[in-house]
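Structure file coords-v1.cif (mmCIF, C-alpha atoms (C1' of nucleotides)) is printed below.
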data_protein
#
loop_
_atom_site.label_atom_id
_atom_site.label_comp_id
_atom_site.auth_asym_id
_atom_site.auth_seq_id
_atom_site.Cartn_x
_atom_site.Cartn_y
_atom_site.Cartn_z
CA MET Z 19 181.14 -124.62 215.21
CA GLY Z 20 179.13 -123.20 212.39
CA ALA Z 21 177.93 -126.19 210.51
CA PRO Z 22 177.78 -125.86 206.76
CA ARG Z 23 174.04 -126.32 206.49
CA PRO Z 24 173.07 -126.63 202.84
CA ASP Z 25 169.81 -125.00 203.85
CA ASP Z 26 171.60 -121.80 204.74
CA ALA Z 27 173.14 -121.67 201.32
CA ARG Z 28 169.85 -122.34 199.59
CA GLY Z 29 168.27 -119.26 198.12
CA VAL Z 30 164.73 -118.99 199.38
CA PHE Z 31 163.78 -115.34 199.79
CA GLY Z 32 162.68 -112.99 197.09
CA ILE Z 33 164.47 -109.66 196.92
CA SER Z 34 161.73 -107.69 198.66
CA VAL Z 35 161.44 -110.02 201.63
CA ALA Z 36 165.21 -110.26 201.87
CA ALA Z 37 165.38 -106.47 201.87
CA GLU Z 38 162.71 -106.33 204.55
CA LEU Z 39 164.51 -108.84 206.74
CA ALA Z 40 167.79 -107.00 206.25
CA GLY Z 41 166.21 -103.65 206.93
CA LEU Z 42 167.29 -102.34 203.54
CA GLY Z 43 165.75 -101.30 200.26
CA ALA Z 44 165.51 -103.73 197.38
CA GLN Z 45 167.55 -101.40 195.22
CA THR Z 46 170.27 -101.40 197.79
CA LEU Z 47 170.54 -105.15 197.50
CA ARG Z 48 170.94 -104.78 193.78
CA LEU Z 49 173.58 -102.14 194.25
CA TYR Z 50 175.54 -104.38 196.58
CA GLU Z 51 175.39 -107.13 194.03
CA ALA Z 52 176.56 -104.79 191.29
CA ARG Z 53 179.47 -103.86 193.53
CA GLY Z 54 180.40 -107.49 193.98
CA LEU Z 55 179.49 -107.72 197.66
CA LEU Z 56 176.88 -110.33 197.10
CA GLU Z 57 175.85 -112.92 194.61
CA PRO Z 58 172.42 -114.32 195.36
CA ALA Z 59 171.17 -117.42 193.56
CA ARG Z 60 168.86 -117.15 190.61
CA THR Z 61 165.76 -119.02 189.67
CA GLU Z 62 165.44 -120.53 186.24
CA GLY Z 63 163.70 -117.37 185.22
CA GLY Z 64 166.61 -115.32 186.48
CA THR Z 65 165.02 -113.76 189.55
CA ARG Z 66 167.13 -113.42 192.66
CA ARG Z 67 166.83 -115.87 195.53
CA TYR Z 68 168.51 -114.80 198.76
CA SER Z 69 169.71 -117.44 201.18
CA VAL Z 70 170.13 -117.26 204.94
CA ASN Z 71 173.83 -116.86 204.28
CA ASP Z 72 173.08 -113.93 202.03
CA LEU Z 73 171.01 -112.38 204.80
CA ASP Z 74 173.87 -112.90 207.20
CA ARG Z 75 176.20 -111.28 204.71
CA LEU Z 76 173.89 -108.29 204.37
CA ARG Z 77 174.02 -107.86 208.11
CA ARG Z 78 177.79 -107.88 208.01
CA ILE Z 79 177.71 -105.30 205.24
CA SER Z 80 175.57 -103.01 207.36
CA ASP Z 81 177.93 -103.44 210.28
CA LEU Z 82 180.96 -102.66 208.15
CA LEU Z 83 179.26 -99.61 206.70
CA ALA Z 84 178.48 -98.39 210.18
CA ALA Z 85 182.14 -98.93 210.99
CA GLY Z 86 183.02 -96.44 208.29
CA LEU Z 87 184.24 -98.69 205.49
CA ASN Z 88 183.25 -98.05 201.92
CA LEU Z 89 181.82 -100.73 199.67
CA ALA Z 90 185.18 -101.54 198.10
CA GLY Z 91 186.69 -102.17 201.52
CA ILE Z 92 183.71 -104.22 202.57
CA ARG Z 93 184.07 -106.40 199.52
CA MET Z 94 187.64 -107.16 200.51
CA VAL Z 95 186.66 -108.01 204.08
CA LEU Z 96 183.87 -110.25 202.89
CA ASP Z 97 186.11 -112.06 200.46
CA LEU Z 98 188.70 -112.66 203.15
CA GLN Z 99 186.09 -113.90 205.58
CA ASP Z 100 184.76 -116.34 203.02
CA GLU Z 101 188.23 -117.46 202.17
CA ASN Z 102 188.91 -118.06 205.84
CA SER Z 103 185.75 -120.09 206.18
CA GLU Z 104 186.77 -122.31 203.32
CA LEU Z 105 190.13 -122.89 204.93
CA ARG Z 106 188.42 -124.07 208.09
CA ALA Z 107 186.26 -126.46 206.14
CA GLY Z 108 189.09 -128.57 204.74
CA ASP Z 109 191.84 -127.83 207.23
CA PRO Z 110 194.67 -129.92 205.89
CA PRO Z 111 197.19 -130.68 208.67
CA THR Z 112 199.88 -129.24 206.43
CA ARG Z 113 199.63 -125.64 205.54
CA GLN Z 114 202.11 -124.51 202.97
CA SER Z 115 200.43 -121.50 201.52
CA ALA Z 116 197.89 -118.99 202.67
CA GLN Z 117 197.15 -118.18 199.08
CA ALA Z 118 193.81 -119.28 197.80
CA PRO Z 119 193.42 -119.03 194.05
CA GLN Z 120 190.09 -117.36 194.23
CA PRO Z 121 188.55 -116.73 190.84
CA ARG Z 122 188.37 -112.98 190.69
CA ARG Z 123 184.76 -112.30 190.03
CA ARG Z 124 184.01 -109.13 188.27
CA SER Z 125 181.27 -110.17 185.95
CA ARG Z 126 178.66 -107.63 185.17
CA ARG Z 127 175.34 -109.35 185.13
CA PRO Z 128 172.23 -107.89 183.60
CA GLU Z 129 169.23 -109.14 185.44
CA GLN Z 130 165.53 -109.24 185.99
CA GLY Z 131 164.57 -108.26 189.48
"C1'" DA S 18 171.13 -98.27 183.35
"C1'" DT S 19 170.96 -93.60 184.47
"C1'" DT S 20 170.05 -89.73 187.14
"C1'" DC S 21 169.50 -87.09 191.28
"C1'" DT S 22 170.04 -86.10 196.19
"C1'" DG S 23 172.07 -85.94 200.80
"C1'" DA S 24 176.25 -86.61 203.56
"C1'" DC S 25 180.84 -85.90 204.15
"C1'" DA S 26 185.66 -84.36 203.54
"C1'" DT V 7 183.92 -79.28 195.01
"C1'" DG V 8 184.34 -84.29 194.44
"C1'" DT V 9 183.19 -88.82 196.08
"C1'" DC V 10 180.12 -92.18 197.75
"C1'" DA V 11 175.85 -94.57 199.22
"C1'" DG V 12 171.14 -94.87 198.39
"C1'" DT V 13 167.24 -93.74 195.81
"C1'" DA V 14 163.75 -92.48 192.00
#
As structure tokens, how would this structure be written, given the file I've shared?
Amino acid sequence: MGAPRPDDARGVFGISVAAELAGLGAQTLRLYEARGLLEPARTEGGTRRYSVNDLDRLRRISDLLAAGLNLAGIRMVLDLQDENSELRAGDPPTRQSAQAPQPRRRSRRPEQG
DNA sequence: ATTCTGACA
DNA sequence: TGTCAGTA
């Protein structure tokens, strides 16, 4: 299945190239981040670095938008998908709870694009 | 960060 | 008219 390549999690693209590859505007990427749909890595200087996974996530966002969901709904879907992925990673033979104590992220982050 | 516009209900 | 996404 989908192997957890560290490369795919590594932020490599600047915001403008990520936007280009995603077929979106750079501002849109910032908006998505402000809405909690995305959290790209940062360089030491604080500039965004988008990973392949981030690109993949942007694609999913576009698909969900086209499906008629709003950003709040998309955030929920994305969170659940991530949560599900994590469950597959460990997969303990015994499942007692489907509740993952996910740290609710709602941190407003001022940034330098 | 804020404002403005276009789409939609 | 109000909300929402995307933009300037």
**OP:** Using only C-alpha atoms (C1' of nucleotides), determine which residues of chain Z fall within 10 Å of chain V; present them as a ChimeraX atom specification.
**Re:** /Z:42-43,45-46,49,83,88-89
Original post:
Residues picked by the PyMOL selection byres ((chain Z and resi 53-63) around 10) here, as a PyMOL selection string?
Top reply: chain Z and resi 27-33+47-52+64-69+71-73+75-76+79+89-97+123-126+129-131
Original post:
In Å to one decimal, how far is CA of Gly86 (chain Z) from CA of Leu105 (chain Z)?
Top reply: 27.6 Å
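The gap separating CA of Asp109 (chain Z) from CA of Asp74 (chain Z) is 23.4 Å, in Å to one decimal.
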Any chance you could work out the axis-aligned box around region 7-11 of chain V, listed atoms only, 4 Å on each side, giving centre and edge lengths in Å to one decimal, as JSON?
{"center_x": 180.1, "center_y": -86.9, "center_z": 196.8, "size_x": 16.5, "size_y": 23.3, "size_z": 12.8}
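Here CA of Ala37 (chain Z) is placed at a distance of 10.7 Å from CA of Arg77 (chain Z).
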Atoms added to region 40-54 of chain Z (N, CA, C and O atoms), reported as an mmCIF file, in the coordinates of the input:
data_model
loop_
_atom_site.group_PDB
_atom_site.id
_atom_site.type_symbol
_atom_site.label_atom_id
_atom_site.label_comp_id
_atom_site.auth_asym_id
_atom_site.auth_seq_id
_atom_site.Cartn_x
_atom_site.Cartn_y
_atom_site.Cartn_z
ATOM 1 N N ALA Z 40 166.474 -107.629 206.041
ATOM 2 C CA ALA Z 40 167.790 -107.000 206.250
ATOM 3 C C ALA Z 40 167.653 -105.542 206.659
ATOM 4 O O ALA Z 40 168.628 -104.899 207.029
ATOM 5 N N GLY Z 41 166.415 -105.047 206.582
ATOM 6 C CA GLY Z 41 166.210 -103.650 206.930
ATOM 7 C C GLY Z 41 166.785 -102.710 205.883
ATOM 8 O O GLY Z 41 167.270 -101.627 206.199
ATOM 9 N N LEU Z 42 166.734 -103.146 204.623
ATOM 10 C CA LEU Z 42 167.290 -102.340 203.540
ATOM 11 C C LEU Z 42 166.284 -102.241 202.401
ATOM 12 O O LEU Z 42 165.254 -102.914 202.425
ATOM 13 N N GLY Z 43 166.614 -101.398 201.433
ATOM 14 C CA GLY Z 43 165.750 -101.300 200.260
ATOM 15 C C GLY Z 43 166.155 -102.342 199.234
ATOM 16 O O GLY Z 43 167.299 -102.795 199.208
ATOM 17 N N ALA Z 44 165.222 -102.731 198.402
ATOM 18 C CA ALA Z 44 165.510 -103.730 197.380
ATOM 19 C C ALA Z 44 166.600 -103.234 196.429
ATOM 20 O O ALA Z 44 167.468 -103.998 196.004
ATOM 21 N N GLN Z 45 166.548 -101.965 196.132
ATOM 22 C CA GLN Z 45 167.550 -101.400 195.220
ATOM 23 C C GLN Z 45 168.931 -101.499 195.808
ATOM 24 O O GLN Z 45 169.920 -101.690 195.097
ATOM 25 N N THR Z 46 168.980 -101.327 197.111
ATOM 26 C CA THR Z 46 170.270 -101.400 197.790
ATOM 27 C C THR Z 46 170.881 -102.792 197.616
ATOM 28 O O THR Z 46 172.083 -102.919 197.401
ATOM 29 N N LEU Z 47 170.034 -103.802 197.696
ATOM 30 C CA LEU Z 47 170.540 -105.150 197.500
ATOM 31 C C LEU Z 47 171.113 -105.310 196.097
ATOM 32 O O LEU Z 47 172.151 -105.943 195.900
ATOM 33 N N ARG Z 48 170.443 -104.706 195.158
ATOM 34 C CA ARG Z 48 170.940 -104.780 193.780
ATOM 35 C C ARG Z 48 172.258 -104.047 193.639
ATOM 36 O O ARG Z 48 173.164 -104.494 192.939
ATOM 37 N N LEU Z 49 172.340 -102.920 194.302
ATOM 38 C CA LEU Z 49 173.580 -102.140 194.250
ATOM 39 C C LEU Z 49 174.733 -102.948 194.827
ATOM 40 O O LEU Z 49 175.808 -103.005 194.241
ATOM 41 N N TYR Z 50 174.504 -103.572 195.954
ATOM 42 C CA TYR Z 50 175.540 -104.380 196.580
ATOM 43 C C TYR Z 50 175.994 -105.495 195.643
ATOM 44 O O TYR Z 50 177.173 -105.811 195.575
ATOM 45 N N GLU Z 51 175.038 -106.061 194.963
ATOM 46 C CA GLU Z 51 175.390 -107.130 194.030
ATOM 47 C C GLU Z 51 176.222 -106.585 192.874
ATOM 48 O O GLU Z 51 177.208 -107.190 192.474
ATOM 49 N N ALA Z 52 175.821 -105.412 192.387
ATOM 50 C CA ALA Z 52 176.560 -104.790 191.290
ATOM 51 C C ALA Z 52 177.979 -104.459 191.723
ATOM 52 O O ALA Z 52 178.911 -104.456 190.915
ATOM 53 N N ARG Z 53 178.147 -104.190 193.004
ATOM 54 C CA ARG Z 53 179.470 -103.860 193.530
ATOM 55 C C ARG Z 53 180.257 -105.090 193.938
ATOM 56 O O ARG Z 53 181.343 -104.983 194.493
ATOM 57 N N GLY Z 54 179.673 -106.246 193.716
ATOM 58 C CA GLY Z 54 180.400 -107.490 193.980
ATOM 59 C C GLY Z 54 180.428 -107.907 195.430
ATOM 60 O O GLY Z 54 181.245 -108.712 195.837
#
